[in-house]
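Chemist: For reference, this is final.txt, and it has compact mmCIF, C-alpha atoms and all ligand atoms.
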```txt
# COMPACT_ATOMS: atom_id res chain seq x y z
CA MET A 1 18.79 2.83 -1.69
CA GLU A 2 16.05 5.08 -3.01
CA ARG A 3 15.22 8.42 -1.36
CA LEU A 4 13.61 8.18 2.09
CA ARG A 5 10.01 9.26 2.36
CA ARG A 6 9.26 8.28 5.96
CA SER A 7 7.43 11.52 6.67
CA MET A 8 5.58 13.63 4.10
CA MET A 9 4.25 16.70 5.91
CA PHE A 10 1.21 18.52 4.55
CA MET A 11 0.58 22.19 5.12
CA PRO A 12 -2.01 24.55 3.65
CA GLY A 13 -0.51 26.39 0.67
CA ASN A 14 -2.07 29.66 1.80
CA ASN A 15 -0.27 29.74 5.17
CA PRO A 16 2.88 31.89 4.74
CA ALA A 17 4.27 31.14 8.22
CA MET A 18 4.04 27.39 7.70
CA LEU A 19 5.61 27.61 4.23
CA GLN A 20 8.40 29.78 5.61
CA ASN A 21 9.25 27.31 8.41
CA ALA A 22 8.44 24.11 6.55
CA GLY A 23 12.07 23.04 6.23
CA ILE A 24 13.08 23.30 9.88
CA TYR A 25 11.24 20.29 11.27
CA GLY A 26 13.21 17.53 9.55
CA ALA A 27 10.44 16.01 7.39
CA ASP A 28 11.73 13.93 4.48
CA THR A 29 9.19 15.67 2.22
CA VAL A 30 7.03 18.75 2.67
CA ILE A 31 3.73 18.89 0.78
CA PHE A 32 2.33 22.32 0.00
CA ASP A 33 -1.38 21.75 -0.33
CA LEU A 34 -3.56 23.47 -2.89
CA GLU A 35 -6.44 21.01 -2.52
CA ASP A 36 -8.65 20.36 0.49
CA ALA A 37 -6.77 22.51 3.03
CA VAL A 38 -7.33 25.59 0.85
CA ALA A 39 -10.75 27.20 0.45
CA VAL A 40 -11.91 27.96 -3.08
CA SER A 41 -11.65 31.71 -2.44
CA GLU A 42 -7.96 31.23 -1.48
CA LYS A 43 -6.86 28.93 -4.33
CA ASP A 44 -5.32 31.65 -6.46
CA ALA A 45 -3.41 33.32 -3.62
CA ALA A 46 -2.17 29.90 -2.44
CA ARG A 47 -0.81 28.98 -5.89
CA HIS A 48 1.29 32.14 -6.06
CA LEU A 49 2.48 31.79 -2.47
CA VAL A 50 3.57 28.22 -3.15
CA HIS A 51 5.30 29.25 -6.39
CA ASN A 52 7.29 31.93 -4.57
CA ALA A 53 8.14 29.68 -1.62
CA ILE A 54 9.58 27.00 -3.92
CA LYS A 55 11.44 29.53 -6.04
CA TYR A 56 12.93 31.73 -3.35
CA LEU A 57 13.20 29.64 -0.17
CA LYS A 58 15.72 26.84 -0.03
CA TYR A 59 14.32 23.69 1.57
CA PRO A 60 16.62 20.95 2.89
CA CYS A 61 14.16 18.25 1.83
CA GLU A 62 11.99 17.11 -1.02
CA VAL A 63 9.30 19.65 -1.94
CA ALA A 64 5.94 18.40 -3.19
CA VAL A 65 2.77 20.20 -4.22
CA ARG A 66 -0.64 18.60 -3.89
CA ILE A 67 -2.63 20.01 -6.78
CA ASN A 68 -6.38 19.76 -7.17
CA HIS A 69 -7.61 16.89 -9.31
CA ILE A 70 -6.92 17.64 -12.95
CA GLN A 71 -10.61 17.40 -13.86
CA THR A 72 -11.67 20.05 -11.32
CA PRO A 73 -11.75 23.72 -12.32
CA TYR A 74 -8.48 24.25 -10.37
CA GLY A 75 -6.03 21.47 -11.28
CA LEU A 76 -4.73 22.85 -14.58
CA GLU A 77 -4.21 26.34 -13.15
CA ASP A 78 -2.38 24.84 -10.14
CA LEU A 79 0.09 23.18 -12.52
CA LYS A 80 0.48 26.28 -14.69
CA VAL A 81 1.44 28.41 -11.70
CA VAL A 82 3.62 26.01 -9.70
CA LEU A 83 5.54 24.11 -12.40
CA PRO A 84 7.76 27.06 -13.45
CA ALA A 85 9.11 27.07 -9.86
CA LYS A 86 10.18 23.41 -10.33
CA PRO A 87 8.77 21.45 -7.39
CA ASP A 88 10.42 18.04 -6.89
CA LEU A 89 7.13 16.18 -6.86
CA ILE A 90 3.48 16.65 -7.84
CA ARG A 91 0.94 14.75 -5.73
CA LEU A 92 -2.32 14.08 -7.52
CA PRO A 93 -5.21 13.49 -5.10
CA LYS A 94 -8.22 11.23 -5.72
CA ALA A 95 -6.57 9.46 -8.66
CA GLU A 96 -8.98 7.01 -10.25
CA SER A 97 -7.43 5.96 -13.55
CA ALA A 98 -4.23 5.78 -15.55
CA ARG A 99 -5.71 8.55 -17.72
CA ASP A 100 -5.56 10.99 -14.76
CA ILE A 101 -1.84 10.36 -14.47
CA GLU A 102 -1.21 10.57 -18.23
CA GLU A 103 -2.97 13.93 -18.39
CA VAL A 104 -0.84 15.43 -15.62
CA ASP A 105 2.30 13.78 -16.99
CA ALA A 106 1.78 15.44 -20.41
CA ILE A 107 1.36 18.88 -18.83
CA ILE A 108 4.51 18.41 -16.75
CA THR A 109 6.51 17.30 -19.82
CA GLU A 110 5.40 20.40 -21.71
CA ALA A 111 6.40 22.64 -18.80
CA GLU A 112 9.79 20.94 -18.45
CA GLN A 113 10.45 21.59 -22.13
CA THR A 114 9.24 25.19 -21.93
CA TYR A 115 11.31 26.07 -18.85
CA GLY A 116 14.42 24.09 -19.81
CA PHE A 117 14.17 21.49 -17.02
CA ALA A 118 15.35 17.94 -17.74
CA VAL A 119 12.37 15.92 -18.98
CA GLY A 120 11.34 13.52 -16.22
CA SER A 121 12.99 15.52 -13.45
CA ILE A 122 9.67 16.45 -11.80
CA LYS A 123 8.30 13.30 -10.19
CA MET A 124 4.70 12.33 -9.53
CA MET A 125 2.78 10.41 -6.90
CA ALA A 126 -0.92 9.66 -6.65
CA ALA A 127 -3.24 9.40 -3.70
CA ILE A 128 -5.85 6.67 -3.84
CA GLU A 129 -8.92 7.98 -2.04
CA THR A 130 -11.81 6.00 -3.55
CA ALA A 131 -12.74 2.38 -4.11
CA LYS A 132 -12.54 2.98 -7.87
CA GLY A 133 -9.02 4.36 -7.52
CA LEU A 134 -7.99 1.32 -5.51
CA MET A 135 -9.35 -1.03 -8.19
CA ASN A 136 -7.07 0.76 -10.69
CA ALA A 137 -4.10 1.28 -8.37
CA TYR A 138 -1.55 -0.78 -10.33
CA GLN A 139 -2.49 0.93 -13.64
CA ILE A 140 -2.22 4.31 -11.90
CA ALA A 141 1.19 3.47 -10.44
CA THR A 142 2.55 2.34 -13.81
CA ALA A 143 0.98 5.06 -15.97
CA SER A 144 4.13 7.19 -16.09
CA PRO A 145 7.84 6.71 -15.42
CA ARG A 146 7.55 9.81 -13.22
CA MET A 147 5.51 7.87 -10.67
CA VAL A 148 7.44 7.29 -7.45
CA ALA A 149 4.70 6.47 -4.95
CA LEU A 150 1.10 5.60 -4.23
CA ALA A 151 -0.47 7.04 -1.09
CA ILE A 152 -3.72 6.22 0.58
CA GLY A 153 -5.91 9.20 1.46
CA GLY A 154 -7.70 7.56 4.36
CA GLU A 155 -10.17 10.30 5.24
CA ASP A 156 -11.67 10.52 1.75
CA PHE A 157 -11.41 6.76 1.34
CA ILE A 158 -13.48 6.13 4.47
CA ALA A 159 -16.08 8.61 3.24
CA ASP A 160 -16.20 6.75 -0.07
CA LEU A 161 -16.67 3.43 1.78
CA ARG A 162 -19.57 5.06 3.67
CA THR A 163 -18.17 4.02 7.01
CA THR A 164 -16.47 5.72 9.95
CA ARG A 165 -12.91 5.83 11.24
CA SER A 166 -12.08 3.38 14.03
CA LYS A 167 -9.10 3.94 16.28
CA GLU A 168 -7.51 0.68 15.10
CA GLY A 169 -8.17 1.43 11.41
CA ARG A 170 -10.05 -1.86 10.84
CA GLU A 171 -12.03 -0.33 7.96
CA LEU A 172 -8.78 0.55 6.13
CA PHE A 173 -6.99 -2.77 6.57
CA VAL A 174 -7.90 -4.31 3.21
CA ALA A 175 -7.36 -1.06 1.33
CA ARG A 176 -3.93 -0.54 2.89
CA SER A 177 -2.92 -4.11 2.04
CA GLN A 178 -4.18 -3.84 -1.55
CA LEU A 179 -2.48 -0.50 -2.06
CA LEU A 180 0.78 -1.93 -0.76
CA LEU A 181 0.54 -4.87 -3.17
CA ALA A 182 -0.13 -2.54 -6.12
CA ALA A 183 2.78 -0.30 -5.16
CA ARG A 184 5.19 -3.20 -4.75
CA ALA A 185 4.09 -4.79 -8.04
CA ALA A 186 4.65 -1.44 -9.77
CA GLY A 187 7.98 -0.82 -8.04
CA VAL A 188 6.91 2.42 -6.35
CA MET A 189 6.73 3.45 -2.70
CA ALA A 190 3.62 3.06 -0.53
CA ILE A 191 2.74 5.98 1.75
CA ASP A 192 0.12 5.75 4.47
CA SER A 193 -2.59 8.26 5.27
CA VAL A 194 -2.67 11.09 7.81
CA PHE A 195 -3.64 10.60 11.47
CA THR A 196 -5.83 13.57 12.25
CA ASP A 197 -5.70 13.77 16.07
CA VAL A 198 -2.39 15.56 16.55
CA ASN A 199 -2.69 15.29 20.34
CA ASP A 200 -3.14 11.50 20.38
CA GLU A 201 0.50 10.41 20.40
CA GLU A 202 -0.31 6.87 21.52
CA GLY A 203 -2.81 6.35 18.70
CA PHE A 204 -0.39 7.82 16.17
CA VAL A 205 2.45 5.53 17.29
CA ALA A 206 0.20 2.45 17.18
CA GLU A 207 -0.97 3.28 13.65
CA THR A 208 2.56 4.00 12.43
CA LYS A 209 3.84 0.69 13.84
CA LEU A 210 0.98 -1.11 12.10
CA ILE A 211 1.67 0.43 8.68
CA LYS A 212 5.39 -0.21 9.00
CA GLU A 213 4.63 -3.87 9.75
CA LEU A 214 2.39 -4.00 6.68
CA GLY A 215 5.36 -2.82 4.60
CA PHE A 216 4.66 0.88 3.98
CA ASP A 217 7.61 3.17 3.25
CA GLY A 218 6.28 6.16 5.15
CA LYS A 219 3.32 8.19 6.30
CA SER A 220 1.66 11.46 5.38
CA VAL A 221 1.65 13.70 8.45
CA ILE A 222 -0.05 16.98 9.29
CA ASN A 223 1.97 18.30 12.23
CA PRO A 224 5.68 18.68 13.05
CA ARG A 225 5.17 16.71 16.30
CA GLN A 226 4.39 13.62 14.25
CA ILE A 227 7.69 13.64 12.31
CA ARG A 228 10.02 12.50 15.10
CA LEU A 229 7.65 9.66 15.99
CA VAL A 230 7.51 8.34 12.41
CA HIS A 231 11.28 8.56 12.04
CA GLN A 232 11.84 6.72 15.32
CA ILE A 233 9.61 3.87 14.17
CA PHE A 234 11.09 3.64 10.67
CA THR A 235 14.75 3.99 11.64
CA PRO A 236 16.42 0.63 12.35
CA THR A 237 17.51 0.30 16.00
CA GLU A 238 21.11 -0.48 16.99
CA LYS A 239 19.91 -3.99 17.89
CA GLU A 240 18.41 -4.49 14.42
CA ILE A 241 21.58 -3.17 12.78
CA GLU A 242 23.80 -5.50 14.83
CA HIS A 243 21.54 -8.45 14.03
CA ALA A 244 21.65 -7.62 10.29
CA LYS A 245 25.45 -7.46 10.44
CA ARG A 246 25.61 -10.85 12.20
CA ILE A 247 23.36 -12.37 9.53
CA LEU A 248 25.54 -11.07 6.70
CA ALA A 249 28.76 -12.17 8.41
CA ALA A 250 27.39 -15.68 9.05
CA TYR A 251 26.03 -15.96 5.51
CA ASN A 252 29.30 -14.84 3.91
CA GLU A 253 31.19 -17.30 6.08
CA ALA A 254 28.80 -20.08 4.99
CA LEU A 255 29.22 -19.13 1.33
CA ALA A 256 33.01 -19.27 1.72
CA LYS A 257 32.56 -22.84 2.95
CA GLY A 258 30.35 -23.67 -0.01
CA LEU A 259 27.09 -23.72 2.04
CA GLY A 260 23.88 -21.92 0.95
CA VAL A 261 22.16 -21.96 4.29
CA VAL A 262 23.29 -21.36 7.86
CA ALA A 263 21.73 -20.70 11.30
CA VAL A 264 22.11 -17.60 13.51
CA ASN A 265 20.76 -17.99 17.06
CA GLY A 266 19.05 -21.19 15.95
CA LYS A 267 17.19 -19.51 13.07
CA MET A 268 17.74 -20.48 9.45
CA ILE A 269 19.39 -17.80 7.27
CA ASP A 270 18.88 -17.99 3.52
CA THR A 271 18.72 -15.58 0.58
CA PRO A 272 15.53 -13.60 1.41
CA ILE A 273 16.66 -13.15 5.01
CA VAL A 274 20.02 -11.92 3.75
CA GLN A 275 18.24 -9.50 1.40
CA ARG A 276 16.22 -8.12 4.32
CA ALA A 277 19.39 -7.72 6.39
CA GLU A 278 21.04 -5.84 3.50
CA ARG A 279 18.03 -3.55 3.30
CA VAL A 280 18.22 -2.80 7.04
CA LEU A 281 21.86 -1.75 6.63
CA ALA A 282 21.20 0.28 3.47
CA TYR A 283 18.28 1.98 5.24
CA ALA A 284 20.39 2.77 8.31
CA ALA A 285 23.08 4.27 6.06
CA ALA A 286 20.48 6.34 4.17
CA VAL A 287 19.10 7.73 7.45
CA LYS A 288 22.59 8.90 8.47
CA ARG A 289 23.21 10.73 5.17
C1 LIG B 301 -3.60 20.13 12.55
C2 LIG B 301 -3.23 21.55 12.83
C3 LIG B 301 -4.42 22.48 12.56
C4 LIG B 301 -2.86 21.64 14.33
O1 LIG B 301 -2.51 22.99 14.59
P1 LIG B 301 -1.88 23.44 15.96
O2 LIG B 301 -1.86 24.92 15.95
O3 LIG B 301 -2.59 22.75 17.08
O4 LIG B 301 -0.41 22.88 15.84
P2 LIG B 301 0.80 23.09 16.84
O5 LIG B 301 1.37 21.75 17.10
O6 LIG B 301 0.41 23.89 18.02
O7 LIG B 301 1.84 23.93 15.97
C5 LIG B 301 3.13 24.19 16.47
C6 LIG B 301 3.94 24.95 15.44
O8 LIG B 301 4.06 24.15 14.27
C7 LIG B 301 3.51 24.84 13.14
N1 LIG B 301 2.82 23.83 12.34
C8 LIG B 301 1.76 23.08 12.70
N2 LIG B 301 1.41 22.26 11.71
C9 LIG B 301 2.27 22.50 10.70
C10 LIG B 301 2.40 21.96 9.40
N3 LIG B 301 1.57 21.02 8.95
N4 LIG B 301 3.39 22.41 8.62
C11 LIG B 301 4.24 23.39 9.05
N5 LIG B 301 4.14 23.94 10.29
C12 LIG B 301 3.17 23.49 11.08
C13 LIG B 301 2.55 25.84 13.73
O9 LIG B 301 2.35 26.91 12.84
C14 LIG B 301 3.29 26.25 14.99
O10 LIG B 301 4.32 27.12 14.61
P3 LIG B 301 4.75 28.33 15.63
O11 LIG B 301 3.56 29.17 15.74
O12 LIG B 301 5.90 28.98 14.89
O13 LIG B 301 5.14 27.66 16.91
C15 LIG B 301 -1.99 21.97 11.99
O14 LIG B 301 -0.92 21.18 12.37
C16 LIG B 301 -2.22 21.97 10.49
O15 LIG B 301 -2.81 22.88 9.94
N6 LIG B 301 -1.77 20.92 9.78
C17 LIG B 301 -1.88 20.78 8.35
C18 LIG B 301 -3.28 20.36 7.93
C19 LIG B 301 -3.35 20.04 6.47
O16 LIG B 301 -2.52 20.42 5.68
N7 LIG B 301 -4.40 19.26 6.04
C20 LIG B 301 -4.57 18.83 4.69
C21 LIG B 301 -3.94 17.51 4.41
S1 LIG B 301 -4.75 16.13 5.09
C22 LIG B 301 -6.04 15.77 4.00
O17 LIG B 301 -6.35 16.52 3.14
C23 LIG B 301 -6.74 14.45 4.16
C24 LIG B 301 -6.31 13.44 3.06
O18 LIG B 301 -6.53 13.96 1.78
C25 LIG B 301 -4.86 13.09 3.28
C26 LIG B 301 -4.18 12.21 2.27
O19 LIG B 301 -4.54 12.19 1.10
O20 LIG B 301 -3.19 11.54 2.66
C27 LIG B 301 -7.23 12.23 3.23
O21 LIG B 301 -8.20 12.12 2.46
O22 LIG B 301 -6.97 11.42 4.13
MG MG B 302 -8.22 13.55 0.78
```
Could you rewrite the structure in this file as structure tokens?
Ligand SMILES: CC(C)(COP(=O)(O)OP(=O)(O)OC[C@H]1O[C@@H](n2cnc3c(N)ncnc32)[C@H](O)[C@@H]1OP(=O)(O)O)[C@@H](O)C(=O)NCCC(=O)NCCSC(=O)C[C@@](O)(CC(=O)O)C(=O)O
Ligand SMILES: [Mg+2]
Modeler:
Amino acid sequence: MERLRRSMMFMPGNNPAMLQNAGIYGADTVIFDLEDAVAVSEKDAARHLVHNAIKYLKYPCEVAVRINHIQTPYGLEDLKVVLPAKPDLIRLPKAESARDIEEVDAIITEAEQTYGFAVGSIKMMAAIETAKGLMNAYQIATASPRMVALAIGGEDFIADLRTTRSKEGRELFVARSQLLLAARAAGVMAIDSVFTDVNDEEGFVAETKLIKELGFDGKSVINPRQIRLVHQIFTPTEKEIEHAKRILAAYNEALAKGLGVVAVNGKMIDTPIVQRAERVLAYAAAVKR
């Protein structure tokens, strides 16, 4: 079972209190933002704060940095300052082509060699935030072996579509589905966008249930209150675990009798259903670790 990334929590890279406490809320990944949550006048201070936080504070989770796009005046400097601290993951926003990924990948490789880190140890993910990026999503996801995930940046994406955000996310439905297909074809994770109203618990839960049903592996979040809700939705329930165990037991019994197919509670069990049951159990075990 690959690493869990149910919750990836953003925080502005220029907020020392948030960086200091980032590890206490139980997010699977924390994302120190150098991009849109940080004003231009604060970019430099934020880079150094993020460098020091990664280097001197010990986080019990994956640590990611969202850099500015590599073709902005800030992206290269972001990498130069944060890479020596060895973040686990670099998140590239507004990715539009494989070239964007290759450029960042080459800079990371050079830094790994310079600082004596194993080459390939710093992972990458890309956020798709434009229609052009979505059209190239598979090429983006496969542009480097460092790539572990594609995310959708819904707020920018909706701006690019020239529409507005509906509560049900109708305008994002096709993009979410296409991004998921690209991620699955590339063998990387799919991470959903942020839900910006931190006081709308009902809306957040509804959206998280929807993206889990679509097949996403997790969600970007912006507030500690959203973490528990995502984890509850993504963690298999006792009922689901028991059902998965019954499926595997029945299937193994059928195999022992030389049968390839069997029924549990009147429903046919065959290989893909067994694979899904195995994934439920592997997921439940990964959550406990
Ligand atoms: C939303 C709000 C202002 C609400 O503040 P509130 O004050 O009402 O929060 P409270 O709940 O009262 O906080 C209770 C306690 O938790 C602490 N606490 C809160 N949030 C924390 C956190 N995130 N990390 C650590 N600690 C945290 C807080 O310091 C306090 O600590 P304490 O005082 O000790 O009790 C705040 O959460 C916040 O700033 N969020 C991060 C926003 C951000 O990073 N945006 C950029 C990324 S999105 C984007 O760019 C769009 C995107 O690109 C996305 C894509 O690509 O996917 C696209 O296009 O869609
Ligand atoms: Mg964005």
Chemist: Do you know which residues lie at most 12 Å from (-8.4, -3.5, 1.8), with coordinates as in the file and only C-alpha atoms counted, and could you write them as a PyMOL selection string?
Modeler: chain A and resi 128+130-131+134-135+152+154+157-158+161+169-182+214
Chemist: Taking only C-alpha atoms and all ligand atoms into account, which residues are within 6 Å of ligand MG 302 (chain B), as an NGL selection string?
Modeler: :A and (153 or 155-156)
Chemist: Do you know which residues are within 6 Å of ligand LIG 301 (chain B) using all atoms listed in the file? Can you write them as a list of chain:residue names?
Modeler: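 Listing the residues within 6 Å of ligand LIG 301 (chain B) gives A:Met9, A:Phe10, A:Met11, A:Pro12, A:Met18, A:Ala22, A:Asp36, A:Ala37, A:Ala127, A:Ile152, A:Gly153, A:Gly154, A:Glu155, A:Asp156, A:Ser193, A:Val194, A:Ser220, A:Ile222, A:Asn223, A:Pro224.
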Chemist: Counting all atoms listed in the file, what is within 10 Å of Gly75 (chain A), bar same-chain residues fewer than 4 positions away, as a list in words?
Modeler: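 Near Gly75 (chain A), the qualifying residues are Leu34, Glu35, Arg66, Ile67, Asn68, His69, Ile70, Gln71, Leu79, Lys80, Leu92 and Val104 of chain A.
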Chemist: Only C-alpha atoms, please: the residues just picked out, written as a PDB file, in the coordinates of the input.
Modeler:
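As a result, out.pdb now contains:
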```
ATOM      1  CA  LEU A  34      -3.560  23.470  -2.890  1.00  0.00           C
ATOM      2  CA  GLU A  35      -6.440  21.010  -2.520  1.00  0.00           C
ATOM      3  CA  ARG A  66      -0.640  18.600  -3.890  1.00  0.00           C
ATOM      4  CA  ILE A  67      -2.630  20.010  -6.780  1.00  0.00           C
ATOM      5  CA  ASN A  68      -6.380  19.760  -7.170  1.00  0.00           C
ATOM      6  CA  HIS A  69      -7.610  16.890  -9.310  1.00  0.00           C
ATOM      7  CA  ILE A  70      -6.920  17.640 -12.950  1.00  0.00           C
ATOM      8  CA  GLN A  71     -10.610  17.400 -13.860  1.00  0.00           C
ATOM      9  CA  LEU A  79       0.090  23.180 -12.520  1.00  0.00           C
ATOM     10  CA  LYS A  80       0.480  26.280 -14.690  1.00  0.00           C
ATOM     11  CA  LEU A  92      -2.320  14.080  -7.520  1.00  0.00           C
ATOM     12  CA  VAL A 104      -0.840  15.430 -15.620  1.00  0.00           C
TER      13      VAL A 104
END
```
Chemist: Would you kindly return, as a list in words, each protein, DNA or RNA residue with an atom no farther than 10 Å from any atom of Met147 (chain A), considering all atoms listed in the file and excluding same-chain residues fewer than 4 positions away?
Modeler: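 Non-adjacent residues within range: Leu89, Ile90, Arg91, Ile101, Asp105, Gly120, Ile122, Lys123, Met124, Met125, Ala126, Ile140, Ala141, Thr142, Ala143, Ala186, Gly187, Val188 and Met189 of chain A.
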Chemist: Rounded to one decimal, what separation in Å do you get between CA of Thr114 (chain A) and CA of Leu76 (chain A)?
Modeler: 16.0 Å
Chemist: Find the residues near Gly116 (chain A): any atom within 12 Å, counting only C-alpha atoms, skip ones fewer than 5 places away on the same chain, and give them as a list in words.
Modeler: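 Once the nearby chain positions are removed, what remains is Leu83, Pro84, Ala85, Lys86, Ile108, Thr109, Glu110, Ala111 and Ser121 of chain A.
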